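Taking it in order: structure first as structure tokens, then the write-up.
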Amino acid sequence: MIARVLLLVWIAGWILMAFFWAPLVPVLGETTRVLYFHIPAAWVTVLALGWSMAHSVLYLRRRRMEHDHHAAAAAEIGLLFCVLATVSGSLWAKAMWGSYWNWDPRETSIFFLLLVYAAYLALRGAIEQPERRARLAAIYSAVAFVTVPFLIFVVPRIYFSLHPDPIINPQGKLDMDPRIRIAFFAMLLGFSCLFFWMQSLRVRVARMEHRLDES
Amino acid sequence: MTVALETPMVSTAAVFEARDLAHRYGRRVAIEPVSFTVSAPAVAAVTGPNGSGKTTLLKIAAGLLRPGRGTCALAVAGRDVPPAERRRWVGYAGPAISFYEELSVAENLTFVAETRGLESPATLVAVALERVGLVSRAADRVAALSSGMVQRLRLAFALLHRPPVLLLDEPGSHLDDEGRAMLARLVERERRAGLVLIATNDEREWRLAEQRIELRGRGLGHPA
Amino acid sequence: MPSNGSSSGAAVWAILRKECRSEWRTRYGLNAALLFAITTLTSVSFAVGRLTDRVDLLSALLWVVLLFAALASMSHAFVREVEGHTLTLLRLVASPTAIALGKLLFNLVFLAVIESVAVPLYLVLMGAPPPRWGAFLALLGLGSVALACATTLVGAVIAQTRGRGALFAGVALPLLLPVLAASVSGMRSQWAGGPITAEARLLAAYAVALFGVSLLLYDHLWED
């Protein structure tokens, strides 16, 4: 209970700080504010993916339903944050560069992650029996685990040559004003805790559903 | 000319041991917890009302299905055989077995023999066909067979690699009197050194067995 | 007597031959796939016309056509087993890895047949400049191997679900995007006269990674 309230206060507080305390990055102007939201969302997307895939592998090795609950929950939450990251990124792109979608490397990467999440959840939705669903979903997750690094590294190479990006992407610079850095890492932490909290809730629901099925 | 292949000299005494074996399909209970031990040489009948899990039990024994709870261990000549390797030691014949309709009877069995890596597949196929009385239909496509013929083919499939364990799920279904006589002869022969489990509700098939494993089902898989 | 264990190679080979024979006897899979590939191809050609000077579009469209053809036809190998209910038979005669490898090789042959028709047709219809054959075929080969690895595994998974064609395409696509990206880039490069080493290495690495992961996962494919 305390933890939840603390988390709420933390995130709310740092959002305020992001607007009133942290300075702007000169190149970005007012759109700086998005980076406190967009990048943590993207980070959670990746975190959730890793969490889901790790539990998929664990399920295949140990066959405990608990791992499947974790894998599925993380995938759902990951999809949510992926959509948030994509949309916020798109809005930022519109504000910065004038168009919502450019297929630049980062946009393409997050879109691919969206596809992977969607495919995983679609697959799960097509299987009714819990053990079979857990097993087949875990298999897919394990293959996707191999694919993701290729997607992240292939894409920049290909799309840089096909669609050279003339606009300097400012996100790469960690050379920020210390206040920005503090606020940013605080939000990163807040978002991560948010993920783990939502994850634990979802896993508890899944456990109860499973117990209901078993009885 | 028939080549008589006798049962192997080496002891392949098989033992099935099930402990608190249970399984469910989603919400539906397939097998209520059951325990038993059967050792070769023996013929055991697995009986029980419809839905009590006879087919499920045989599938678990064959290594086709992973049991939800409990264990079903097979030991051959003292060594435990994990489910992944059961197919080499077990001959399975049941309604779950379908053949490749576009291939002939002989082609199906030859495929099985070759895939299993058996020596002289042609001889083994010929022997198996002879034992089940399908020699005259060897070249016919499976699509053209009657259900009784397909049942004979299933038995041939189970016997092909001369396994020490036979799992027969309702083996007499669709068989005419001659077929049933063939089945009885078959079981008789295996009884000498092998282990046979027959899942059945048919009295004629019970009588082939000397042991009985009774599955207490709730009948037709009523949920808890 | 039970078959010896080191017959995996024989099993894979036997399964491959059986697949080819079954496909040849029924042929509806191959016909449908060829028809689909040619239809897609002619639609593209009709819509876009000749693209002699646009090698970037040429490479992209070639791989889109091949991708569509693969997505439309690669699930066929497993769906046929499921629809014919022959998977139980297969599982009783071969290990999951042998089954999957047999299907993989079959899919590779299948893909090669489709490409041998679609690719020349494409080059002619689209007015493509003559390719550097070594590089062109290397990219085609590597890309096809990666395509086959991914679609075989996904096909085996999807065949056990209630979804079919659309689900297969949606679930396979993310795994195929690296192939698409690297192959398109490489193809363009070879037409423009540049080197393809980076793309070829990437495709090879991806194919190896996919294959390696698949080998670890095949055993888990069928347990019920």
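Starting from 1 in every chain, residues are counted up; chains themselves are A, B, ... following the order of the structure tokens, and ligands are numbered from 1 as listed.
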- Run DSSP on the backbone and give me the residues of segment 2-203 of chain B it puts in alpha helix (DSSP H), as a VMD selection string. chain B and resid 54 to 62 86 to 89 105 to 116 121 to 132 147 to 159 177 to 191 203
- Message: Env of segment 36-38 of chain A: 9 Å cut, atoms = only C-alpha atoms, seq-sep filter 3 positions within chain, self excluded. Answer as a ChimeraX atom specification.
- Response: /A:15,18,32-33,41-43,84-89,92,180,183-188,191
- Task: Provide as an MDAnalysis selection string the residues of chain C at most 7 Å from chain A, counting only C-alpha atoms.
- Result: chainID C and resid 157 161:163 170:171 174:175 178 181 185 209:210 213 217
For C-alpha atoms, I'd like the residues from the last selection saved as a compact mmCIF listing (two decimals), in the first residue's frame.
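The resulting result.txt:
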# COMPACT_ATOMS: atom_id res chain seq x y z
CA VAL C 157 3.52 -24.33 -34.10
CA THR C 161 -3.63 -24.02 -33.07
CA ARG C 162 -7.04 -23.06 -34.26
CA GLY C 163 -5.68 -20.35 -36.50
CA GLY C 170 1.18 -12.68 -39.04
CA VAL C 171 3.21 -14.79 -36.66
CA PRO C 174 8.44 -10.60 -37.63
CA LEU C 175 10.89 -13.47 -37.96
CA PRO C 178 15.61 -9.40 -41.17
CA ALA C 181 15.82 -6.25 -45.17
CA SER C 185 19.69 -4.50 -49.68
CA ALA C 209 21.06 -18.66 -35.59
CA LEU C 210 17.52 -19.62 -36.58
CA VAL C 213 17.61 -22.24 -31.99
CA LEU C 217 13.21 -26.21 -29.70
Chain C residues near chain B within 10 Å, closest pair each, using only C-alpha atoms, as a tab-separated table:
residue	atom	partner	partner_atom	distance
C:Met1	CA	B:Arg162	CA	4.9
C:Pro2	CA	B:Arg88	CA	5.4
C:Ser3	CA	B:Leu118	CA	5.3
C:Asn4	CA	B:Gly117	CA	6.8
C:Gly5	CA	B:Gly117	CA	8.0
C:Ser6	CA	B:Gly117	CA	8.1
C:Ser7	CA	B:Gly117	CA	5.2
C:Ser8	CA	B:Gly117	CA	8.0
C:Gly9	CA	B:Thr115	CA	9.0
C:Ala10	CA	B:Thr115	CA	6.2
C:Ala11	CA	B:Thr115	CA	4.1
C:Val12	CA	B:Thr115	CA	7.4
C:Trp13	CA	B:Thr115	CA	8.0
C:Ala14	CA	B:Thr115	CA	5.5
C:Ile15	CA	B:Thr115	CA	6.9
C:Arg17	CA	B:Phe111	CA	9.0
C:Lys18	CA	B:Phe111	CA	7.1
C:Arg21	CA	B:Leu103	CA	8.3
C:Ser22	CA	B:Glu102	CA	6.5
C:Glu23	CA	B:Glu102	CA	9.2
C:Trp24	CA	B:Glu102	CA	9.8
C:Arg25	CA	B:Glu102	CA	6.6
C:Thr26	CA	B:Glu102	CA	7.2
C:Glu81	CA	B:Tyr100	CA	8.8
C:Gly84	CA	B:Ser98	CA	7.1
C:His85	CA	B:Ser98	CA	5.8
C:Thr86	CA	B:Ser98	CA	5.1
C:Leu87	CA	B:Ser98	CA	8.3
C:Thr88	CA	B:Ile97	CA	6.1
C:Leu89	CA	B:Ile97	CA	5.7
C:Leu90	CA	B:Val112	CA	8.3
C:Arg91	CA	B:Leu64	CA	7.5
C:Leu92	CA	B:Arg87	CA	5.2
C:Val93	CA	B:Arg116	CA	5.5
C:Ala94	CA	B:Thr115	CA	6.4
C:Ser95	CA	B:Ala84	CA	7.6
C:Pro96	CA	B:Ala84	CA	9.0
C:Ala98	CA	B:Thr115	CA	9.2
C:Ile99	CA	B:Thr115	CA	9.7
C:Asp219	CA	B:Ala84	CA	8.8
C:Trp222	CA	B:Leu64	CA	8.1
C:Glu223	CA	B:Leu65	CA	5.3
C:Asp224	CA	B:Leu65	CA	4.6
- Could you write out as a list in words the residues of chain A within 8 Å of chain B, counting only C-alpha atoms?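 Residues of chain A within 8 Å of chain B, counting only C-alpha atoms: Gln129, Pro130, Asp213, Glu214 and Ser215 of chain A.
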- Item | Residue contacts of segment 62-64 of chain C (9 Å, only C-alpha atoms) excluding same-chain residues fewer than 2 positions away, as a list in words | Leu41, Leu57, Leu58, Ser59, Ala60, Leu66, Leu67, Phe68, Ala69, Val119, Tyr122, Leu123, Leu180, Ser183 and Val184 of chain C
Export, as a short mmCIF file (atom, residue, chain, number, x, y, z; two decimals), in the first residue's frame, the selected residues with N, CA and C atoms.
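Listed below is the output, again02.cif:
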data_model
loop_
_atom_site.label_atom_id
_atom_site.label_comp_id
_atom_site.auth_asym_id
_atom_site.auth_seq_id
_atom_site.Cartn_x
_atom_site.Cartn_y
_atom_site.Cartn_z
N LEU C 41 3.09 -12.25 -58.95
CA LEU C 41 4.08 -11.72 -59.88
C LEU C 41 3.43 -10.92 -60.99
N LEU C 57 13.70 -0.74 -56.40
CA LEU C 57 12.34 -1.27 -56.44
C LEU C 57 12.31 -2.72 -56.91
N LEU C 58 13.19 -3.01 -57.89
CA LEU C 58 13.25 -4.37 -58.41
C LEU C 58 13.56 -5.36 -57.30
N SER C 59 14.58 -5.05 -56.49
CA SER C 59 14.95 -5.98 -55.42
C SER C 59 13.83 -6.10 -54.41
N ALA C 60 13.26 -4.95 -54.06
CA ALA C 60 12.22 -4.97 -53.04
C ALA C 60 11.03 -5.81 -53.48
N LEU C 66 8.42 -13.18 -53.31
CA LEU C 66 8.89 -14.45 -52.74
C LEU C 66 8.35 -14.65 -51.33
N LEU C 67 8.33 -13.57 -50.57
CA LEU C 67 7.83 -13.65 -49.21
C LEU C 67 6.36 -14.07 -49.20
N PHE C 68 5.58 -13.43 -50.04
CA PHE C 68 4.17 -13.79 -50.11
C PHE C 68 4.00 -15.24 -50.52
N ALA C 69 4.78 -15.66 -51.50
CA ALA C 69 4.67 -17.04 -51.95
C ALA C 69 5.01 -18.00 -50.82
N VAL C 119 11.31 -16.72 -60.19
CA VAL C 119 12.40 -15.75 -60.35
C VAL C 119 12.73 -15.44 -61.82
N TYR C 122 10.02 -13.35 -63.17
CA TYR C 122 10.11 -11.99 -62.64
C TYR C 122 11.13 -11.17 -63.41
N LEU C 123 12.31 -11.74 -63.57
CA LEU C 123 13.39 -11.01 -64.25
C LEU C 123 12.96 -10.60 -65.66
N LEU C 180 14.15 -10.16 -45.19
CA LEU C 180 13.67 -9.20 -46.18
C LEU C 180 14.63 -8.04 -46.31
N SER C 183 18.18 -9.15 -47.64
CA SER C 183 18.14 -9.64 -49.02
C SER C 183 17.88 -8.51 -50.00
N VAL C 184 16.93 -7.63 -49.64
CA VAL C 184 16.63 -6.51 -50.55
C VAL C 184 17.86 -5.63 -50.72
#
- Would you mind listing what lies within 9 Å of Val38 of chain B as an MDAnalysis selection string, with only C-alpha atoms counted and same-chain residues fewer than 2 positions away left out? chainID B and resid 14:18 36 40:44 195 197 211
- Selection: 7 Å around segment 190-205 of chain C, only C-alpha atoms, excl. self and same-chain fewer than 5 positions, as a PyMOL selection string: chain C and resi 55+131-132+135-136+139+142-143+179+182-183
